[in-house]
file data-v3.txt (compact mmCIF, C-alpha atoms)
# COMPACT_ATOMS: atom_id res chain seq x y z
CA MET A 1 -15.78 -21.24 -0.13
CA THR A 2 -13.58 -19.31 2.28
CA ARG A 3 -14.46 -15.76 3.16
CA ILE A 4 -11.81 -13.07 3.30
CA GLU A 5 -12.66 -11.13 6.45
CA VAL A 6 -11.19 -7.97 7.87
CA PRO A 7 -10.03 -8.42 11.48
CA ASP A 8 -10.41 -5.82 14.21
CA LEU A 9 -7.67 -3.33 13.38
CA GLY A 10 -8.17 -1.18 16.47
CA ALA A 11 -9.28 1.84 14.44
CA PRO A 12 -11.96 2.74 11.86
CA ALA A 13 -10.95 1.13 8.57
CA THR A 14 -11.78 1.68 4.93
CA PHE A 15 -11.06 -0.48 1.94
CA GLY A 16 -8.03 0.56 -0.12
CA GLN A 17 -7.44 -1.54 -3.20
CA TRP A 18 -7.32 -5.05 -4.59
CA HIS A 19 -4.10 -6.66 -5.76
CA VAL A 20 -5.84 -9.57 -7.50
CA ARG A 21 -8.78 -9.89 -9.87
CA ALA A 22 -11.76 -12.23 -9.66
CA GLY A 23 -10.69 -15.51 -11.22
CA ASP A 24 -7.03 -15.15 -10.21
CA ARG A 25 -5.43 -18.04 -8.39
CA VAL A 26 -4.07 -17.27 -4.93
CA ARG A 27 -2.14 -19.19 -2.34
CA ALA A 28 -2.73 -18.96 1.41
CA GLY A 29 -0.77 -15.98 2.70
CA ASP A 30 -0.64 -14.12 -0.62
CA ARG A 31 -1.28 -10.39 -0.36
CA VAL A 32 -4.68 -9.86 -1.97
CA ALA A 33 -5.85 -6.42 -0.83
CA GLU A 34 -5.06 -3.30 1.17
CA VAL A 35 -7.11 -1.83 4.00
CA LEU A 36 -6.50 1.67 5.32
CA ILE A 37 -6.68 3.14 8.80
CA ALA A 38 -5.46 6.63 9.71
CA GLY A 39 -1.69 6.42 9.50
CA ALA A 40 -1.32 2.86 8.28
CA VAL A 41 -1.87 0.53 5.38
CA ILE A 42 -2.68 -3.06 6.30
CA ASP A 43 -2.12 -5.80 3.76
CA VAL A 44 -4.83 -8.47 3.74
CA SER A 45 -3.61 -12.00 3.09
CA ALA A 46 -5.51 -14.82 1.44
CA PRO A 47 -6.81 -17.13 4.20
CA ALA A 48 -6.72 -20.15 1.88
CA SER A 49 -5.42 -21.32 -1.47
CA GLY A 50 -7.79 -21.32 -4.38
CA THR A 51 -9.40 -18.99 -6.87
CA LEU A 52 -10.70 -15.55 -5.95
CA ALA A 53 -14.39 -16.01 -6.67
CA GLU A 54 -15.81 -12.64 -5.72
CA ARG A 55 -14.73 -9.16 -4.69
CA THR A 56 -17.36 -7.46 -2.56
CA ALA A 57 -15.47 -4.36 -1.35
CA ARG A 58 -14.58 -1.24 -3.28
CA ALA A 59 -12.15 1.59 -2.57
CA GLY A 60 -13.44 3.81 0.23
CA ASP A 61 -15.96 1.33 1.64
CA PRO A 62 -16.08 1.48 5.46
CA LEU A 63 -15.08 -1.85 6.98
CA PRO A 64 -16.37 -2.73 10.46
CA PRO A 65 -14.47 -5.67 12.02
CA GLY A 66 -15.50 -8.98 10.50
CA THR A 67 -16.64 -7.52 7.18
CA THR A 68 -16.28 -9.94 4.28
CA ILE A 69 -14.44 -8.32 1.39
CA GLY A 70 -14.31 -11.31 -0.91
CA THR A 71 -14.50 -15.08 -1.19
CA ILE A 72 -12.08 -17.74 -2.31
CA GLU A 73 -13.14 -20.90 -4.08
CA ASP A 74 -10.98 -23.41 -2.23
CA ARG A 75 -10.42 -25.66 -5.23
CA LEU A 76 -7.58 -24.50 -7.44
CA VAL A 77 -8.86 -24.21 -10.99
CA GLU A 78 -6.15 -25.24 -13.43
CA PRO A 79 -5.86 -23.04 -16.51
CA PRO A 80 -6.89 -24.67 -19.78
CA ALA A 81 -4.05 -26.44 -21.56
CA MET B 82 -13.15 -26.43 25.12
CA THR B 83 -10.34 -23.99 24.54
CA GLU B 84 -10.21 -21.01 26.76
CA SER B 85 -9.50 -17.77 24.98
CA ARG B 86 -6.95 -15.69 26.81
CA GLU B 87 -6.70 -11.95 26.66
CA PRO B 88 -3.29 -11.19 25.15
CA ALA B 89 -0.85 -9.42 27.43
CA PRO B 90 -0.49 -5.71 26.59
CA TYR B 91 3.13 -6.30 25.72
CA ALA B 92 5.18 -9.45 25.56
CA PRO B 93 8.10 -9.58 27.99
CA ALA B 94 11.83 -9.93 27.43
CA ARG B 95 12.44 -9.34 23.75
CA ALA B 96 15.50 -8.03 21.99
CA LEU B 97 15.50 -5.13 19.59
CA SER B 98 18.22 -4.80 16.96
CA VAL B 99 18.78 -1.12 16.24
CA TYR B 100 20.57 -0.06 13.06
CA LEU B 101 21.89 3.52 13.14
CA LEU B 102 22.55 3.97 9.44
CA GLY B 103 23.39 7.64 9.06
CA THR B 104 22.40 9.08 5.68
CA ILE B 105 21.05 6.47 3.31
CA GLU B 106 19.29 6.62 -0.07
CA PHE B 107 15.62 5.77 0.14
CA ASP B 108 15.87 2.86 -2.33
CA ALA B 109 18.62 1.19 -0.29
CA LEU B 110 16.57 1.70 2.88
CA GLN B 111 13.52 0.09 1.30
CA ALA B 112 15.50 -2.97 0.20
CA LEU B 113 16.94 -3.44 3.69
CA GLN B 114 13.56 -2.86 5.28
CA ARG B 115 11.96 -5.56 3.11
CA ARG B 116 14.69 -8.00 4.05
CA LEU B 117 14.36 -7.33 7.79
CA ALA B 118 10.55 -7.54 7.62
CA PHE B 119 10.95 -10.95 5.98
CA ASP B 120 13.35 -12.02 8.74
CA VAL B 121 11.04 -10.81 11.52
CA SER B 122 7.98 -12.44 9.94
CA GLY B 123 9.86 -15.76 10.13
CA ASP B 124 11.06 -15.29 13.72
CA ARG B 125 8.62 -13.32 15.82
CA ASP B 126 10.91 -13.24 18.82
CA THR B 127 13.01 -10.69 16.95
CA ALA B 128 12.44 -7.07 16.02
CA ALA B 129 14.45 -4.37 14.30
CA LEU B 130 14.59 -0.61 14.20
CA LEU B 131 16.20 1.33 11.36
CA VAL B 132 17.17 4.89 12.24
CA CYS B 133 18.53 7.09 9.50
CA GLU B 134 18.18 10.25 7.51
CA HIS B 135 17.60 10.57 3.78
CA PRO B 136 18.95 12.90 1.11
CA THR B 137 16.29 15.35 -0.04
CA GLY B 138 13.38 13.58 -1.71
CA ILE B 139 9.65 12.99 -1.46
CA THR B 140 7.66 9.92 -0.56
CA ILE B 141 3.92 9.75 -1.08
CA GLY B 142 1.80 7.36 0.98
CA ARG B 143 -1.66 6.03 0.23
CA ALA B 144 -3.39 9.16 1.59
CA GLY B 145 -1.21 11.46 -0.51
CA SER B 146 -1.61 13.04 -3.89
CA ALA B 147 0.63 14.57 -6.53
CA ALA B 148 -1.37 17.75 -5.91
CA HIS B 149 0.40 18.06 -2.53
CA VAL B 150 3.73 18.57 -4.30
CA ARG B 151 4.05 22.11 -5.64
CA PRO B 152 7.07 21.79 -8.01
CA ASN B 153 6.28 20.18 -11.34
CA PRO B 154 8.15 17.05 -12.49
CA HIS B 155 10.73 19.09 -14.44
CA GLN B 156 11.48 21.27 -11.42
CA LEU B 157 11.76 18.18 -9.20
CA GLU B 158 14.20 16.62 -11.64
CA ALA B 159 16.25 19.82 -11.82
CA ARG B 160 16.47 19.93 -8.03
CA GLY B 161 17.31 16.23 -7.82
CA TRP B 162 14.31 15.45 -5.62
CA PRO B 163 13.21 11.87 -6.37
CA VAL B 164 9.56 11.00 -5.76
CA ASN B 165 8.65 7.54 -4.46
CA TRP B 166 5.05 6.30 -4.18
CA VAL B 167 5.04 3.93 -1.22
CA ALA B 168 2.60 1.53 0.45
CA ARG B 169 2.34 3.24 3.81
CA GLY B 170 -0.26 5.28 5.60
CA GLY B 171 -0.14 9.05 5.54
CA GLY B 172 0.34 11.39 2.64
CA ALA B 173 3.22 13.15 0.95
CA VAL B 174 6.32 13.65 3.08
CA LEU B 175 9.41 15.68 2.29
CA HIS B 176 12.66 14.06 3.42
CA VAL B 177 15.52 16.43 4.10
CA PRO B 178 18.78 16.26 6.04
CA GLY B 179 18.21 17.13 9.70
CA GLN B 180 15.27 14.78 10.06
CA VAL B 181 15.29 11.54 12.00
CA ALA B 182 13.53 8.72 10.16
CA CYS B 183 12.56 5.70 12.26
CA TYR B 184 11.46 2.44 10.69
CA PRO B 185 10.37 0.00 13.43
CA ILE B 186 9.97 -3.57 12.15
CA LEU B 187 7.91 -5.13 14.89
CA PRO B 188 5.78 -8.29 15.09
CA LEU B 189 2.49 -6.76 16.27
CA ASP B 190 0.85 -10.09 17.09
CA ALA B 191 3.76 -11.08 19.34
CA LEU B 192 3.53 -7.69 21.08
CA GLY B 193 -0.25 -7.97 21.50
CA LEU B 194 -0.89 -4.75 19.57
CA SER B 195 -3.46 -3.91 16.92
CA PRO B 196 -2.39 -1.68 14.00
CA GLY B 197 -4.56 1.14 15.36
CA ARG B 198 -2.96 0.93 18.78
CA TYR B 199 0.50 0.82 17.20
CA VAL B 200 -0.14 4.06 15.29
CA ARG B 201 -1.45 5.74 18.45
CA GLU B 202 1.65 4.59 20.35
CA LEU B 203 3.93 6.18 17.74
CA VAL B 204 1.95 9.42 17.92
CA SER B 205 2.14 9.50 21.73
CA LEU B 206 5.80 8.66 21.60
CA SER B 207 6.59 11.60 19.31
CA VAL B 208 4.74 13.94 21.70
CA GLU B 209 6.67 12.52 24.65
CA LEU B 210 9.93 13.04 22.75
CA ALA B 211 9.10 16.67 21.97
CA ARG B 212 8.17 17.42 25.58
CA GLU B 213 11.63 16.23 26.63
CA PHE B 214 12.97 19.13 24.56
CA ALA B 215 10.49 21.50 26.25
CA VAL B 216 8.37 21.73 23.11
CA ASP B 217 4.66 22.38 23.63
CA ALA B 218 3.47 19.38 21.60
CA VAL B 219 0.01 17.96 20.97
CA PRO B 220 -0.91 14.69 19.27
CA ASP B 221 -2.73 14.63 15.95
CA PHE B 222 -4.65 11.36 15.59
CA GLU B 223 -6.62 12.46 12.54
CA ARG B 224 -3.51 12.87 10.40
CA PRO B 225 -1.26 10.80 12.66
CA GLY B 226 1.69 12.81 13.85
CA ALA B 227 2.36 15.61 16.30
CA ARG B 228 2.08 19.38 16.24
CA SER B 229 3.50 22.36 18.01
CA ARG B 230 1.82 25.76 17.75
CA GLY B 231 -0.37 24.37 14.98
CA ARG B 232 2.40 23.05 12.76
CA ARG B 233 3.46 19.44 12.42
CA PHE B 234 6.94 18.35 13.40
CA ALA B 235 6.38 14.58 13.31
CA SER B 236 4.59 12.32 10.88
CA VAL B 237 3.45 8.73 11.32
CA GLY B 238 2.90 6.46 8.32
CA ALA B 239 3.16 2.70 8.65
CA ASN B 240 2.57 -0.49 6.72
CA VAL B 241 1.51 -3.75 8.32
CA ARG B 242 2.00 -6.95 6.39
CA ALA B 243 1.50 -10.36 7.98
CA ASN B 244 1.34 -8.49 11.31
CA VAL B 245 4.86 -7.10 10.82
CA THR B 246 5.28 -3.34 10.64
CA SER B 247 7.39 -1.28 8.29
CA PHE B 248 7.90 2.42 7.59
CA GLY B 249 6.91 4.37 10.72
CA LEU B 250 7.89 7.73 12.12
CA LEU B 251 9.60 10.87 10.84
CA VAL B 252 10.68 13.63 13.23
CA ASN B 253 12.05 17.02 12.19
CA ALA B 254 15.01 17.62 14.49
CA HIS B 255 16.71 20.63 12.91
CA PRO B 256 16.19 20.59 9.13
CA ASP B 257 16.14 23.62 6.85
CA LEU B 258 12.42 24.47 6.91
CA ALA B 259 12.27 26.49 3.69
CA PRO B 260 11.64 23.45 1.40
CA PHE B 261 8.53 22.56 3.41
CA TRP B 262 6.67 25.42 1.72
CA GLU B 263 6.92 23.32 -1.45
CA VAL B 264 5.22 20.16 -0.16
CA ARG B 265 1.96 19.87 1.76
CA CYS B 266 3.15 17.14 4.11
CA ASP B 267 0.29 14.73 4.94
CA GLY B 268 -2.03 17.18 3.16
CA ASP B 269 -1.61 19.77 5.89
CA PRO B 270 -1.95 23.33 4.60
CA LEU B 271 0.75 24.63 6.97
CA PRO B 272 4.41 23.78 6.39
CA MET B 273 6.10 21.52 8.91
CA THR B 274 8.12 22.92 11.78
CA SER B 275 10.97 21.34 13.74
CA LEU B 276 11.97 20.62 17.32
CA ALA B 277 14.85 23.10 16.94
CA ARG B 278 12.45 25.88 15.90
CA GLU B 279 9.96 25.19 18.68
CA SER B 280 12.41 24.54 21.49
CA ALA B 281 14.36 27.03 23.54
CA HIS B 282 17.00 24.34 24.03
CA ARG B 283 19.67 23.21 21.64
CA VAL B 284 18.36 20.28 19.59
CA ARG B 285 20.88 17.92 18.04
CA ALA B 286 19.84 15.13 15.68
CA GLN B 287 22.14 12.76 17.56
CA THR B 288 20.27 13.36 20.82
CA VAL B 289 16.90 13.01 19.11
CA ARG B 290 18.01 9.69 17.58
CA GLN B 291 19.20 8.39 20.92
CA ARG B 292 16.05 9.37 22.79
CA LEU B 293 13.83 7.92 20.04
CA VAL B 294 15.58 4.58 20.29
CA GLU B 295 15.24 4.60 24.08
CA LEU B 296 11.58 5.62 23.95
CA ILE B 297 10.69 2.99 21.36
CA ALA B 298 12.52 0.27 23.29
CA ALA B 299 10.73 1.28 26.50
CA ARG B 300 7.28 1.78 25.01
CA PHE B 301 7.24 -1.60 23.26
CA ALA B 302 8.83 -3.36 26.24
CA PHE B 303 12.15 -4.40 24.77
CA ASP B 304 14.52 -4.98 27.64
CA ARG B 305 17.56 -5.71 25.48
CA VAL B 306 18.76 -3.40 22.73
CA SER B 307 21.64 -4.23 20.37
CA VAL B 308 22.98 -1.31 18.37
CA PHE B 309 24.68 -1.70 14.99
CA HIS B 310 26.06 0.96 12.69
CA THR B 311 25.55 -0.93 9.45
CA HIS B 312 23.94 -4.10 8.14
CA PRO B 313 25.76 -6.75 6.08
CA ALA B 314 23.22 -6.23 3.29
CA LEU B 315 24.41 -2.64 2.93
CA LEU B 316 28.09 -3.47 2.58
CA PRO B 317 29.52 -3.19 -0.95
CA ARG B 318 29.58 -6.53 -2.75
CA HIS B 319 32.79 -7.91 -4.15
CA PRO B 320 32.93 -7.69 -7.92
CA TYR B 321 32.35 -11.04 -9.57
CA HIS B 322 35.99 -11.57 -10.52
CA ALA B 323 37.09 -11.06 -6.90
CA ARG B 324 34.84 -13.76 -5.43
CA THR B 325 36.25 -17.07 -4.34
CA HIS B 326 36.18 -19.51 -7.23
CA GLY B 327 33.05 -21.65 -7.17
CA SER B 328 31.20 -19.54 -4.62

call {"tool": "encode", "arguments": {"input": "data-v3.txt", "output": "C-alpha cells"}}
result
Amino acid sequence: MTRIEVPDLGAPATFGQWHVRAGDRVRAGDRVAEVLIAGAVIDVSAPASGTLAERTARAGDPLPPGTTIGTIEDRLVEPPA
Amino acid sequence: MTESREPAPYAPARALSVYLLGTIEFDALQALQRRLAFDVSGDRDTAALLVCEHPTGITIGRAGSAAHVRPNPHQLEARGWPVNWVARGGGAVLHVPGQVACYPILPLDALGLSPGRYVRELVSLSVELAREFAVDAVPDFERPGARSRGRRFASVGANVRANVTSFGLLVNAHPDLAPFWEVRCDGDPLPMTSLARESAHRVRAQTVRQRLVELIAARFAFDRVSVFHTHPALLPRHPYHARTHGS
C-alpha cells in the first residue's frame, strides 16, 4: 500500500475533488485529486502505480501537511477478460 | 546518512522566455499554456511567461460560482461573452480589453517556492506595480489580489501541476469599468477598479506590461529574459495540400 499524502503547500489547504474513483487503475504521476489553497489549485499526483484502494478525503476537508487522502494498492489489478 | 539541505530561496541564473502575445482568444491561450507547461515540466531549467489580453469573456475558477455572473446564459450569448470554467484558484473573473493578463509558467521546485509562497509573491508584486503608478494599493491575501480604496484592481488565480505553475495574475490597466458591475469578480461585492482610475498619472497598458515582466523577472531571480512576440504553435498551419509531400 502506498499512501497519497498532501505535502506542505505553504498555506492552509482544503481538499477539492477527486479525479479517480476507488478501484480505478492509476500510474505514478497521474493526476488523481485537487487540493485548494487561497488563490491556487494544486493537482495531486499518484505517488505509485496501482489501484486506488481508498479515498479518505472529501471536498472541503482541511488538510494539514502530511495528511493522507487516499491509498494505492501497488499491484495493478488486471480487469477480467 | 544524507544531509537534508534547506533549499535556497531562489535558484540563481535562469532564463525566462517572455511571450508578448497581444490580444489572444482564451482557448488559444490555454492550448499554448498547456504546451509550455509540458515543456517546462520536462526541463526545469526553463520557464516561460505569457503576457496578453483577451477579448471580453468570463473565466470561473474553483472558488467561483455561476451566481457571481449577473447576465443569464442567453444575455451572455447575445453579448458574445464566452464563459470558461477553469482549474485555477480564485473565482469568476471578467476579461476585457485594457487588462494585462500574465501567465507565469514556472518550476516551483527549482525555484525553491511553495505554492502558498508563490501566490503571496504574485500578490506583493501587484501591489509593488501599483505603487509605481502612485496608486495607494494594499494586498488582499484572503481573496488573493490587490485593492485600492476598497476595490480590487488585480486578481491572482493559479494552478500548480507537477510543481509547474499556470494561469496567474490579471491586472486592470485601463479597461472600461462598466462591465464589472455585471460580474462579481472573485466573489467580491464591489466591482473592480483599474490603475488608470486610481492613479493621477497616465497609465498605458504597454507600460504596465513592461513593468510586470521586469518585476516578475526580478522577483523570481531570472537574470536573463528573452522576449518573443509570438510562438510557433500560434502560427497558422499550412493547409494539408500545401505541405511538403510525405511530411

call {"tool": "residues_around", "arguments": {"input": "data-v3.txt", "residues": "region 265-276 of chain B", "least_positions_apart": "2", "cutoff": "9 Å", "atoms": "all atoms listed in the file", "output": "number ranges by chain"}}
result
B: 141-142, 144-146, 148-151, 171-175, 180, 211, 214, 216, 224-225, 228-229, 231-236, 252-263, 278-280, 284

call {"tool": "residues_around", "arguments": {"input": "data-v3.txt", "residues": "region 54-59 of chain A", "least_positions_apart": "6", "cutoff": "9 Å", "atoms": "all atoms listed in the file", "output": "ChimeraX atom specification"}}
result
/A:14-18,21-23,35,68-73

call {"tool": "write_last_selection", "arguments": {"input": "data-v3.txt", "atoms": "C-alpha atoms", "output": "mmCIF file, keeping the file's coordinate frame"}}
result
data_model
loop_
_atom_site.group_PDB
_atom_site.id
_atom_site.type_symbol
_atom_site.label_atom_id
_atom_site.label_comp_id
_atom_site.auth_asym_id
_atom_site.auth_seq_id
_atom_site.Cartn_x
_atom_site.Cartn_y
_atom_site.Cartn_z
ATOM 1 C CA THR A 14 -11.780 1.680 4.930
ATOM 2 C CA PHE A 15 -11.060 -0.480 1.940
ATOM 3 C CA GLY A 16 -8.030 0.560 -0.120
ATOM 4 C CA GLN A 17 -7.440 -1.540 -3.200
ATOM 5 C CA TRP A 18 -7.320 -5.050 -4.590
ATOM 6 C CA ARG A 21 -8.780 -9.890 -9.870
ATOM 7 C CA ALA A 22 -11.760 -12.230 -9.660
ATOM 8 C CA GLY A 23 -10.690 -15.510 -11.220
ATOM 9 C CA VAL A 35 -7.110 -1.830 4.000
ATOM 10 C CA THR A 68 -16.280 -9.940 4.280
ATOM 11 C CA ILE A 69 -14.440 -8.320 1.390
ATOM 12 C CA GLY A 70 -14.310 -11.310 -0.910
ATOM 13 C CA THR A 71 -14.500 -15.080 -1.190
ATOM 14 C CA ILE A 72 -12.080 -17.740 -2.310
ATOM 15 C CA GLU A 73 -13.140 -20.900 -4.080
#

call {"tool": "closest_residue", "arguments": {"input": "data-v3.txt", "among": "B:Pro163, B:Gly249, B:Pro154, B:Pro136", "to": "chain A", "atoms": "all atoms listed in the file"}}
result
B:Gly249

call {"tool": "closest_residue", "arguments": {"input": "data-v3.txt", "among": "A:Val20, A:Val26, A:Met1, A:Leu36", "to": "chain B", "atoms": "all atoms listed in the file"}}
result
A:Leu36

call {"tool": "interface_residues", "arguments": {"input": "data-v3.txt", "of": "chain B", "to": "chain A", "cutoff": "8 Å", "atoms": "all atoms listed in the file", "output": "PyMOL selection string"}}
result
chain B and resi 143+168-171+195-198+200+222-225+237-243

call {"tool": "atom_distance", "arguments": {"input": "data-v3.txt", "atom1": "CA of Val294 (chain B)", "atom2": "CA of Leu130 (chain B)"}}
result
8.1 Å

call {"tool": "atom_distance", "arguments": {"input": "data-v3.txt", "atom1": "CA of Ser98 (chain B)", "atom2": "CA of Phe309 (chain B)"}}
result
7.4 Å

call {"tool": "atom_distance", "arguments": {"input": "data-v3.txt", "atom1": "CA of Ala129 (chain B)", "atom2": "CA of Leu206 (chain B)"}}
result
17.3 Å

call {"tool": "closest_residue", "arguments": {"input": "data-v3.txt", "among": "B:Ala299, B:Leu157, B:Ala147, B:Val121", "to": "Glu202 (chain B)", "atoms": "all atoms listed in the file"}}
result
B:Ala299

call {"tool": "closest_residue", "arguments": {"input": "data-v3.txt", "among": "B:Ile297, B:Ala314, B:Val132, B:Ala302", "to": "Ala191 (chain B)", "atoms": "all atoms listed in the file"}}
result
B:Ala302

call {"tool": "closest_residue", "arguments": {"input": "data-v3.txt", "among": "B:Leu187, B:Gln111, B:Gln291, B:Ala218", "to": "Ser205 (chain B)", "atoms": "only C-alpha atoms"}}
result
B:Ala218

call {"tool": "axis_aligned_box", "arguments": {"input": "data-v3.txt", "around": "region 30-48 of chain A", "padding_each_side": "5 Å", "output": "AutoDock Vina command-line options"}}
result
--center_x -3.9 --center_y -6.8 --center_z 3.9 --size_x 16.5 --size_y 36.8 --size_z 21.7

call {"tool": "residues_around", "arguments": {"input": "data-v3.txt", "residues": "Phe303 (chain B)", "least_positions_apart": "3", "cutoff": "12 Å", "atoms": "all atoms listed in the file", "output": "list in words"}}
result
Tyr91, Ala92, Pro93, Ala94, Arg95, Ala96, Leu97, Ser98, Val99, Asp126, Thr127, Ala128, Ala129, Leu130, Leu187, Leu192, Val294, Glu295, Leu296, Ile297, Ala298, Ala299, Arg300, Val306 and Ser307 of chain B

call {"tool": "write_last_selection", "arguments": {"input": "data-v3.txt", "atoms": "C-alpha atoms", "output": "PDB file, in the coordinates of the input"}}
result
ATOM      1  CA  TYR B  91       3.130  -6.300  25.720  1.00  0.00           C
ATOM      2  CA  ALA B  92       5.180  -9.450  25.560  1.00  0.00           C
ATOM      3  CA  PRO B  93       8.100  -9.580  27.990  1.00  0.00           C
ATOM      4  CA  ALA B  94      11.830  -9.930  27.430  1.00  0.00           C
ATOM      5  CA  ARG B  95      12.440  -9.340  23.750  1.00  0.00           C
ATOM      6  CA  ALA B  96      15.500  -8.030  21.990  1.00  0.00           C
ATOM      7  CA  LEU B  97      15.500  -5.130  19.590  1.00  0.00           C
ATOM      8  CA  SER B  98      18.220  -4.800  16.960  1.00  0.00           C
ATOM      9  CA  VAL B  99      18.780  -1.120  16.240  1.00  0.00           C
ATOM     10  CA  ASP B 126      10.910 -13.240  18.820  1.00  0.00           C
ATOM     11  CA  THR B 127      13.010 -10.690  16.950  1.00  0.00           C
ATOM     12  CA  ALA B 128      12.440  -7.070  16.020  1.00  0.00           C
ATOM     13  CA  ALA B 129      14.450  -4.370  14.300  1.00  0.00           C
ATOM     14  CA  LEU B 130      14.590  -0.610  14.200  1.00  0.00           C
ATOM     15  CA  LEU B 187       7.910  -5.130  14.890  1.00  0.00           C
ATOM     16  CA  LEU B 192       3.530  -7.690  21.080  1.00  0.00           C
ATOM     17  CA  VAL B 294      15.580   4.580  20.290  1.00  0.00           C
ATOM     18  CA  GLU B 295      15.240   4.600  24.080  1.00  0.00           C
ATOM     19  CA  LEU B 296      11.580   5.620  23.950  1.00  0.00           C
ATOM     20  CA  ILE B 297      10.690   2.990  21.360  1.00  0.00           C
ATOM     21  CA  ALA B 298      12.520   0.270  23.290  1.00  0.00           C
ATOM     22  CA  ALA B 299      10.730   1.280  26.500  1.00  0.00           C
ATOM     23  CA  ARG B 300       7.280   1.780  25.010  1.00  0.00           C
ATOM     24  CA  VAL B 306      18.760  -3.400  22.730  1.00  0.00           C
ATOM     25  CA  SER B 307      21.640  -4.230  20.370  1.00  0.00           C
TER      26      SER B 307
END

call {"tool": "decode", "arguments": {"input": "data-v3.txt", "residues": "region 156-170 of chain B", "atoms": "N, CA, C and O atoms", "output": "compact mmCIF listing (two decimals), in the first residue's frame"}}
result
# COMPACT_ATOMS: atom_id res chain seq x y z
N GLN B 156 -28.34 36.17 -22.31
CA GLN B 156 -27.74 37.50 -22.40
C GLN B 156 -26.24 37.40 -22.71
O GLN B 156 -25.70 38.19 -23.49
N LEU B 157 -25.58 36.42 -22.08
CA LEU B 157 -24.14 36.24 -22.32
C LEU B 157 -23.89 35.89 -23.78
O LEU B 157 -22.96 36.39 -24.41
N GLU B 158 -24.76 35.02 -24.31
CA GLU B 158 -24.60 34.62 -25.70
C GLU B 158 -24.84 35.81 -26.64
O GLU B 158 -24.12 36.01 -27.61
N ALA B 159 -25.86 36.61 -26.31
CA ALA B 159 -26.17 37.77 -27.14
C ALA B 159 -25.02 38.77 -27.14
O ALA B 159 -24.75 39.43 -28.14
N ARG B 160 -24.34 38.88 -25.99
CA ARG B 160 -23.22 39.83 -25.91
C ARG B 160 -21.94 39.24 -26.48
O ARG B 160 -20.94 39.95 -26.63
N GLY B 161 -21.93 37.93 -26.70
CA GLY B 161 -20.71 37.28 -27.18
C GLY B 161 -19.66 37.15 -26.11
O GLY B 161 -18.47 37.24 -26.38
N TRP B 162 -20.13 36.94 -24.86
CA TRP B 162 -19.19 36.73 -23.75
C TRP B 162 -19.10 35.23 -23.46
O TRP B 162 -20.01 34.67 -22.83
N PRO B 163 -18.05 34.56 -23.92
CA PRO B 163 -17.92 33.14 -23.59
C PRO B 163 -17.60 32.95 -22.11
O PRO B 163 -16.98 33.82 -21.48
N VAL B 164 -18.04 31.83 -21.56
CA VAL B 164 -17.74 31.50 -20.16
C VAL B 164 -16.92 30.21 -20.13
O VAL B 164 -17.33 29.21 -20.72
N ASN B 165 -15.76 30.27 -19.51
CA ASN B 165 -14.89 29.08 -19.39
C ASN B 165 -14.69 28.75 -17.92
O ASN B 165 -14.27 29.61 -17.14
N TRP B 166 -15.01 27.50 -17.56
CA TRP B 166 -14.73 27.02 -16.20
C TRP B 166 -13.32 26.45 -16.22
O TRP B 166 -13.02 25.56 -17.03
N VAL B 167 -12.45 26.96 -15.37
CA VAL B 167 -11.04 26.60 -15.46
C VAL B 167 -10.51 26.10 -14.10
O VAL B 167 -11.03 26.46 -13.05
N ALA B 168 -9.45 25.27 -14.19
CA ALA B 168 -8.85 24.69 -12.98
C ALA B 168 -7.79 25.62 -12.42
O ALA B 168 -6.59 25.35 -12.50
N ARG B 169 -8.22 26.73 -11.89
CA ARG B 169 -7.29 27.64 -11.22
C ARG B 169 -7.91 28.10 -9.92
O ARG B 169 -9.12 27.93 -9.70
N GLY B 170 -7.10 28.71 -9.07
CA GLY B 170 -7.65 29.28 -7.85
C GLY B 170 -8.43 30.54 -8.17
O GLY B 170 -8.41 31.03 -9.30
